[in-house]
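One file, start07.cif, is given below (mmCIF, C-alpha atoms and all ligand atoms).
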data_run
loop_
_atom_site.label_atom_id
_atom_site.label_comp_id
_atom_site.auth_asym_id
_atom_site.auth_seq_id
_atom_site.Cartn_x
_atom_site.Cartn_y
_atom_site.Cartn_z
CA MET P 62 -0.09 -41.32 -21.93
CA GLU P 63 3.68 -41.35 -21.65
CA THR P 64 5.15 -41.14 -18.15
CA PRO P 65 6.67 -37.70 -17.75
CA LEU P 66 10.43 -37.47 -17.43
CA LEU P 67 9.98 -34.76 -14.85
CA SER P 68 7.03 -34.35 -12.58
CA VAL P 69 6.56 -31.51 -10.11
CA LYS P 70 3.74 -31.57 -7.58
CA ASP P 71 2.77 -28.87 -5.12
CA LEU P 72 6.26 -27.34 -5.13
CA ARG P 73 6.64 -24.68 -2.46
CA ILE P 74 9.72 -22.56 -1.89
CA GLN P 75 10.14 -20.18 0.97
CA PHE P 76 12.99 -17.87 1.93
CA ASN P 77 13.41 -16.98 5.56
CA SER P 78 15.31 -13.91 6.66
CA ARG P 79 15.35 -11.39 9.46
CA GLU P 80 12.92 -9.30 7.44
CA GLY P 81 10.46 -12.16 7.42
CA VAL P 82 9.18 -15.02 5.30
CA ASN P 83 9.05 -14.77 1.53
CA GLU P 84 6.80 -17.41 -0.04
CA ALA P 85 8.49 -17.30 -3.43
CA VAL P 86 6.68 -20.34 -4.88
CA LYS P 87 3.26 -21.33 -3.58
CA GLY P 88 2.45 -24.84 -4.73
CA ILE P 89 3.07 -25.28 -8.43
CA ASN P 90 2.48 -28.37 -10.59
CA PHE P 91 3.87 -29.31 -13.97
CA ASP P 92 5.17 -32.26 -15.99
CA ILE P 93 7.58 -32.48 -18.89
CA GLU P 94 7.84 -35.42 -21.26
CA ALA P 95 10.98 -36.42 -23.14
CA GLY P 96 11.49 -34.43 -26.32
CA LYS P 97 9.02 -31.74 -25.24
CA THR P 98 9.53 -28.14 -24.27
CA LEU P 99 7.69 -26.35 -21.51
CA ALA P 100 8.08 -22.58 -21.57
CA VAL P 101 7.68 -20.65 -18.34
CA VAL P 102 6.75 -16.98 -18.61
CA GLY P 103 5.93 -14.35 -16.02
CA GLU P 104 7.24 -11.10 -14.70
CA SER P 105 10.47 -10.67 -12.83
CA GLY P 106 10.31 -12.01 -9.27
CA SER P 107 7.41 -14.37 -9.95
CA GLY P 108 9.47 -17.43 -8.96
CA LYS P 109 10.60 -18.84 -12.31
CA SER P 110 14.31 -19.18 -11.57
CA VAL P 111 13.95 -20.54 -8.06
CA SER P 112 11.46 -23.14 -9.32
CA ALA P 113 13.99 -24.23 -11.95
CA MET P 114 16.78 -24.42 -9.39
CA ALA P 115 14.64 -26.41 -6.97
CA LEU P 116 14.45 -29.23 -9.52
CA THR P 117 17.93 -30.32 -8.47
CA ARG P 118 17.87 -28.55 -5.08
CA LEU P 119 20.28 -25.87 -6.24
CA LEU P 120 19.08 -23.47 -3.55
CA PRO P 121 20.42 -22.41 -0.15
CA LYS P 122 19.84 -24.93 2.61
CA PRO P 123 17.36 -24.53 5.49
CA PRO P 124 16.78 -22.39 7.45
CA ILE P 125 17.51 -19.84 4.69
CA CYS P 126 15.43 -21.69 2.15
CA GLU P 127 12.81 -24.40 2.56
CA ILE P 128 11.62 -26.50 -0.35
CA ASN P 129 8.47 -28.61 0.01
CA GLY P 130 6.47 -30.75 -2.36
CA GLN P 131 7.45 -33.46 -4.80
CA VAL P 132 9.89 -33.52 -7.67
CA HIS P 133 10.31 -36.77 -9.55
CA TYR P 134 12.94 -37.16 -12.22
CA ASP P 135 12.60 -40.37 -14.25
CA GLY P 136 10.66 -41.91 -11.37
CA GLN P 137 13.27 -40.96 -8.75
CA ASP P 138 12.36 -38.79 -5.79
CA VAL P 139 14.69 -35.78 -6.03
CA MET P 140 13.73 -34.48 -2.59
CA ALA P 141 14.90 -37.72 -0.96
CA MET P 142 18.20 -37.99 -2.86
CA SER P 143 21.58 -37.84 -1.17
CA SER P 144 23.93 -34.99 -2.08
CA ALA P 145 26.11 -37.47 -3.96
CA ASP P 146 23.18 -38.66 -6.09
CA LEU P 147 22.17 -35.08 -6.73
CA ARG P 148 25.65 -34.18 -7.95
CA HIS P 149 25.36 -37.02 -10.43
CA ILE P 150 21.99 -35.82 -11.68
CA ARG P 151 23.05 -32.18 -11.99
CA GLY P 152 24.89 -31.63 -15.20
CA LYS P 153 24.70 -35.22 -16.32
CA GLU P 154 20.94 -35.74 -16.38
CA ILE P 155 19.57 -32.25 -15.80
CA ALA P 156 21.77 -29.46 -17.13
CA TYR P 157 21.35 -25.71 -16.77
CA ILE P 158 22.09 -22.71 -18.89
CA PHE P 159 21.71 -19.31 -17.29
CA GLN P 160 21.35 -15.86 -18.77
CA GLU P 161 24.71 -14.71 -17.56
CA PRO P 162 27.69 -16.73 -18.81
CA SER P 163 29.70 -15.46 -15.85
CA VAL P 164 27.57 -17.60 -13.51
CA SER P 165 28.71 -20.78 -15.25
CA LEU P 166 32.10 -19.88 -16.67
CA ASN P 167 35.05 -19.50 -14.37
CA PRO P 168 37.28 -16.59 -15.48
CA VAL P 169 40.53 -18.21 -14.35
CA PHE P 170 40.30 -21.41 -16.42
CA THR P 171 40.40 -21.90 -20.18
CA ILE P 172 37.12 -22.90 -21.73
CA GLY P 173 38.67 -26.21 -22.81
CA SER P 174 39.62 -27.13 -19.26
CA GLN P 175 36.14 -26.25 -17.98
CA ILE P 176 34.44 -28.47 -20.52
CA ALA P 177 36.99 -31.21 -19.80
CA GLU P 178 36.07 -31.01 -16.14
CA ALA P 179 32.41 -31.72 -16.95
CA ILE P 180 33.35 -34.65 -19.18
CA LYS P 181 35.70 -36.22 -16.63
CA LEU P 182 33.11 -35.89 -13.90
CA HIS P 183 30.12 -37.24 -15.78
CA MET P 184 31.54 -39.33 -18.61
CA PRO P 185 34.67 -41.02 -17.24
CA HIS P 186 34.50 -43.65 -20.00
CA ILE P 187 35.40 -41.08 -22.67
CA LYS P 188 39.03 -41.63 -23.68
CA ASP P 189 39.73 -38.81 -26.08
CA VAL P 190 38.49 -35.90 -24.02
CA ASN P 191 40.04 -33.31 -26.33
CA ALA P 192 38.29 -34.61 -29.41
CA HIS P 193 35.05 -34.64 -27.47
CA ILE P 194 35.48 -30.99 -26.44
CA ILE P 195 36.27 -29.91 -29.98
CA ASP P 196 33.22 -31.76 -31.22
CA ALA P 197 31.03 -30.11 -28.56
CA LEU P 198 32.30 -26.63 -29.53
CA ASP P 199 31.86 -27.43 -33.21
CA LYS P 200 28.25 -28.38 -32.61
CA VAL P 201 27.43 -25.00 -31.08
CA GLY P 202 28.93 -23.26 -34.11
CA ILE P 203 32.28 -22.23 -32.66
CA ARG P 204 34.77 -22.20 -35.48
CA ASP P 205 38.45 -23.00 -34.99
CA ALA P 206 37.48 -24.96 -31.90
CA GLU P 207 41.00 -26.37 -31.64
CA LYS P 208 42.36 -22.87 -31.04
CA ARG P 209 39.43 -21.65 -28.97
CA ILE P 210 39.85 -24.33 -26.28
CA LYS P 211 42.90 -22.43 -25.04
CA ASP P 212 40.95 -19.19 -24.65
CA TYR P 213 39.84 -17.73 -21.35
CA PRO P 214 36.19 -16.62 -21.14
CA HIS P 215 37.09 -12.89 -21.32
CA GLN P 216 38.71 -13.42 -24.72
CA LEU P 217 35.32 -14.32 -26.20
CA SER P 218 32.34 -12.12 -27.07
CA GLY P 219 29.11 -12.42 -25.06
CA GLY P 220 27.50 -14.53 -27.78
CA MET P 221 30.51 -16.86 -27.90
CA GLN P 222 30.55 -17.22 -24.13
CA GLN P 223 26.88 -18.17 -24.28
CA ARG P 224 27.68 -20.82 -26.88
CA VAL P 225 30.48 -22.21 -24.72
CA MET P 226 28.08 -22.40 -21.82
CA ILE P 227 25.60 -24.27 -23.99
CA ALA P 228 28.35 -26.59 -25.22
CA MET P 229 29.23 -27.29 -21.59
CA ALA P 230 25.59 -27.97 -20.72
CA LEU P 231 25.10 -30.26 -23.71
CA VAL P 232 28.42 -32.11 -23.68
CA CYS P 233 27.14 -34.81 -21.33
CA GLU P 234 23.93 -35.22 -23.33
CA PRO P 235 21.53 -34.37 -20.52
CA ARG P 236 17.98 -35.65 -20.70
CA ILE P 237 16.59 -32.36 -19.47
CA LEU P 238 17.94 -28.91 -20.26
CA VAL P 239 16.84 -26.07 -18.04
CA ALA P 240 17.42 -22.86 -19.95
CA ASP P 241 16.83 -19.77 -17.82
CA GLU P 242 16.50 -16.82 -20.21
CA PRO P 243 19.32 -18.25 -22.32
CA THR P 244 19.25 -15.59 -25.02
CA THR P 245 17.99 -12.52 -23.19
CA ALA P 246 21.39 -10.82 -23.20
CA LEU P 247 22.09 -11.55 -26.87
CA ASP P 248 21.23 -9.75 -30.08
CA VAL P 249 18.45 -11.08 -32.26
CA THR P 250 20.59 -12.89 -34.83
CA ILE P 251 22.58 -14.82 -32.25
CA GLN P 252 19.36 -15.47 -30.34
CA ALA P 253 17.90 -17.17 -33.41
CA GLN P 254 21.06 -19.21 -34.00
CA ILE P 255 21.05 -20.47 -30.43
CA MET P 256 17.37 -21.41 -30.53
CA ASP P 257 17.99 -23.27 -33.81
CA LEU P 258 20.83 -25.11 -32.15
CA LEU P 259 18.66 -26.12 -29.18
CA ARG P 260 15.93 -27.24 -31.55
CA GLU P 261 18.39 -29.41 -33.45
CA VAL P 262 19.67 -31.05 -30.24
CA ARG P 263 16.13 -31.60 -29.01
CA GLU P 264 15.19 -33.34 -32.25
CA ARG P 265 18.35 -35.41 -32.41
CA THR P 266 18.49 -36.56 -28.79
CA GLY P 267 14.92 -36.32 -27.47
CA MET P 268 16.09 -33.99 -24.72
CA ALA P 269 13.31 -32.26 -22.79
CA ILE P 270 13.62 -28.51 -22.25
CA LEU P 271 12.32 -26.23 -19.53
CA LEU P 272 12.66 -22.81 -21.06
CA ILE P 273 12.25 -19.65 -19.03
CA THR P 274 11.75 -16.69 -21.30
CA HIS P 275 9.84 -13.46 -21.65
CA ASN P 276 9.89 -13.67 -25.42
CA PHE P 277 6.49 -14.79 -26.69
CA GLY P 278 7.88 -15.19 -30.20
CA ILE P 279 10.21 -17.87 -28.83
CA VAL P 280 7.37 -19.45 -26.83
CA ASN P 281 5.23 -19.58 -29.94
CA HIS P 282 7.85 -21.09 -32.23
CA PHE P 283 9.75 -23.27 -29.86
CA ALA P 284 7.62 -24.61 -27.00
CA ASP P 285 4.89 -27.24 -26.82
CA ASP P 286 3.36 -26.07 -23.57
CA VAL P 287 3.50 -22.87 -21.60
CA ALA P 288 3.06 -22.13 -17.91
CA VAL P 289 2.36 -18.58 -16.81
CA MET P 290 3.70 -17.63 -13.38
CA PHE P 291 2.37 -14.79 -11.31
CA ARG P 292 3.47 -14.08 -7.76
CA GLY P 293 4.65 -17.62 -7.03
CA GLU P 294 1.79 -19.46 -8.69
CA ILE P 295 1.16 -20.96 -12.09
CA VAL P 296 -2.00 -19.13 -13.03
CA GLU P 297 -2.40 -20.75 -16.43
CA ARG P 298 -0.87 -23.72 -18.16
CA GLY P 299 -1.57 -25.54 -21.40
CA PRO P 300 -0.57 -26.12 -25.02
CA VAL P 301 1.06 -23.00 -26.51
CA ASP P 302 -1.51 -22.60 -29.31
CA GLN P 303 -4.35 -22.72 -26.85
CA VAL P 304 -2.90 -20.37 -24.24
CA LEU P 305 -1.69 -17.80 -26.76
CA SER P 306 -4.89 -17.75 -28.78
CA LYS P 307 -7.37 -18.03 -25.91
CA PRO P 308 -5.69 -16.86 -22.71
CA GLU P 309 -8.05 -17.42 -19.82
CA HIS P 310 -6.35 -15.77 -16.91
CA PRO P 311 -6.38 -11.95 -16.73
CA TYR P 312 -2.64 -11.90 -16.06
CA THR P 313 -1.93 -13.92 -19.23
CA GLN P 314 -4.23 -11.60 -21.17
CA ALA P 315 -2.39 -8.60 -19.76
CA LEU P 316 0.99 -10.12 -20.64
CA LEU P 317 -0.13 -10.82 -24.19
CA ASP P 318 -1.57 -7.32 -24.53
CA CYS P 319 1.91 -5.98 -23.89
CA ILE P 320 3.29 -7.47 -27.08
CA PRO P 321 2.45 -5.80 -30.35
CA ARG P 322 0.65 -8.14 -32.74
CA LEU P 323 2.38 -8.72 -36.04
CA GLY P 324 2.09 -5.64 -38.19
CA GLU P 325 0.36 -3.62 -35.51
CA LYS P 326 2.10 -0.49 -34.31
CA ARG P 327 1.90 0.53 -30.70
CA GLU P 328 1.88 4.11 -29.56
CA ARG P 329 3.63 3.18 -26.34
CA LEU P 330 4.42 0.14 -24.27
CA THR P 331 1.48 -0.99 -22.18
CA THR P 332 2.25 -1.57 -18.54
CA ILE P 333 0.38 -4.08 -16.45
CA ASP P 334 -1.74 -2.59 -13.74
CA HIS P 335 -1.68 -5.28 -11.08
CA ASP P 336 -4.44 -3.71 -9.05
CA LYS P 337 -6.86 -4.14 -11.92
CA LEU P 338 -6.20 -7.86 -12.16
CA ALA P 339 -8.87 -9.94 -10.53
CA VAL P 340 -6.59 -12.45 -8.86
N1 LIG P 401 18.93 -16.74 -2.89
C1 LIG P 401 17.81 -16.10 -2.54
N2 LIG P 401 17.64 -15.68 -1.27
C2 LIG P 401 16.49 -15.03 -0.90
N3 LIG P 401 15.46 -14.78 -1.73
C3 LIG P 401 15.58 -15.18 -3.01
C4 LIG P 401 16.75 -15.84 -3.49
N4 LIG P 401 16.59 -16.12 -4.80
C5 LIG P 401 15.36 -15.64 -5.13
N5 LIG P 401 14.76 -15.07 -4.05
C6 LIG P 401 13.40 -14.48 -4.03
O1 LIG P 401 12.48 -15.40 -4.62
C7 LIG P 401 11.51 -14.72 -5.41
C8 LIG P 401 11.50 -15.32 -6.81
O2 LIG P 401 12.71 -15.01 -7.47
P1 LIG P 401 13.09 -15.58 -8.89
O3 LIG P 401 12.76 -17.02 -8.98
O4 LIG P 401 14.52 -15.20 -9.13
O5 LIG P 401 12.15 -14.76 -9.88
P2 LIG P 401 12.12 -14.77 -11.47
O6 LIG P 401 13.13 -15.73 -11.97
O7 LIG P 401 10.72 -15.12 -11.83
O8 LIG P 401 12.44 -13.35 -11.86
C9 LIG P 401 11.87 -13.25 -5.36
O9 LIG P 401 11.06 -12.66 -4.38
C10 LIG P 401 13.32 -13.25 -4.95
O10 LIG P 401 13.63 -12.09 -4.22
MG MG P 402 14.84 -15.39 -13.15
#
As structure tokens, the full file:
Amino acid sequence: METPLLSVKDLRIQFNSREGVNEAVKGINFDIEAGKTLAVVGESGSGKSVSAMALTRLLPKPPICEINGQVHYDGQDVMAMSSADLRHIRGKEIAYIFQEPSVSLNPVFTIGSQIAEAIKLHMPHIKDVNAHIIDALDKVGIRDAEKRIKDYPHQLSGGMQQRVMIAMALVCEPRILVADEPTTALDVTIQAQIMDLLREVRERTGMAILLITHNFGIVNHFADDVAVMFRGEIVERGPVDQVLSKPEHPYTQALLDCIPRLGEKRERLTTIDHDKLAV
């Protein structure tokens, strides 16, 4: 078996506040190999985003937040890394795209200057930064990239901002892309275009993807494996075909029951009754 590019063992994340202790993630395990995609599904608040952020320790410091367990990226112990090493890994080796472009795009700088910043930081050997930016924007389907680099984020539509964010994440050719609900805010056509783009990059570069989504259509067509999170735990994990066709955990079954099968019409949306779940 190939050594995984990313390996997470017994990851625990806890938030401490005056109100008390919130055990947001309670000991999860997963691996991702190069070129593969792991989808993470689960209801809001189940710990998907904080797990993704913990991979490069992008969370508040103790005592507000405590992270325990092991994260290994390419054999390196992320939990033991210095802040300087982590800054190198973030963006260059493990890049993030979030649902909201405003989290990643700064309103007061042109998109060109923001992408340039990432290139200068992570790829200082690149001489023609401008050409590299234009190429990166081209690749995410932004036409007239030469003109667009002078735009500020607010001058672009939501879909375009999302593409810029993806261009920025991909410009340094990361080995792992963490995509946290990357298309949730977008309409279906743009959603499909962006997933096609990610698929193309994955095939061309062998990038691994950790994809957080609530769209089972995307899980089915795009991911190799899926992990189902429920209240801070991974309750089920396995190859997509297997989990979707034979879900074993009642929560996975309940999640899948919420989506209409192809061609089947639903009278109303099913809601999940947590109290009836035997967990
Ligand atoms: N910065 C933070 N400070 C305190 N609690 C947080 C913070 N971020 C997330 N949490 C808590 O961690 C839990 C998991 O959140 P999150 O990972 O965002 O869920 P998901 O992405 O699955 O919707 C929630 O209970 C949330 O309130
Ligand atoms: Mg989230």
> Hey, what's within 6 Å of Val101 in chain P if we count only C-alpha atoms and toss same-chain stuff fewer than 2 positions away? As a list in words, please?
Replying inline: Ile273, Val287, Ala288 and Val289 of chain P
> With only C-alpha atoms as the atoms that count, which of P:Arg236, P:Lys122, P:Ile194, P:Ser165 lies nearest to Arg265 in chain P?
Replying inline: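 When distances to Arg265 in chain P are compared using only C-alpha atoms, the smallest one comes from P:Arg236.
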>> Show me the residues around (3.4, -23.0, -13.3) - criterion: an atom at most 12 Å away, all atoms listed in the file counted - as JSON, numbers by chain.
In response: {"P": [68, 69, 70, 71, 72, 73, 86, 87, 88, 89, 90, 91, 92, 93, 99, 100, 101, 102, 103, 107, 108, 109, 110, 112, 113, 271, 273, 286, 287, 288, 289, 290, 291, 292, 293, 294, 295, 296, 297, 298, 299]}
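When atom C9 of ligand LIG 401 (chain P) is paired with CA of Ser105 in chain P, their separation reads 8.0 Å.
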>> What's around Ile251 in chain P at 12 Å? Count all atoms listed in the file, leave out sequence neighbours fewer than 5 positions away in its own chain, and write the answer as number ranges by chain.
In response: P: 201-202, 218-224, 243-246, 256-258
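Counting from CA of Leu305 in chain P, the distance to CA of Asp318 in chain P is 10.7 Å.
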> Can you tell me, as a count of residues only, what residues are no more than 10 Å from range 167-176 of chain P when counting only C-alpha atoms, ignoring any on the same chain fewer than 4 positions away?
Replying inline: 31
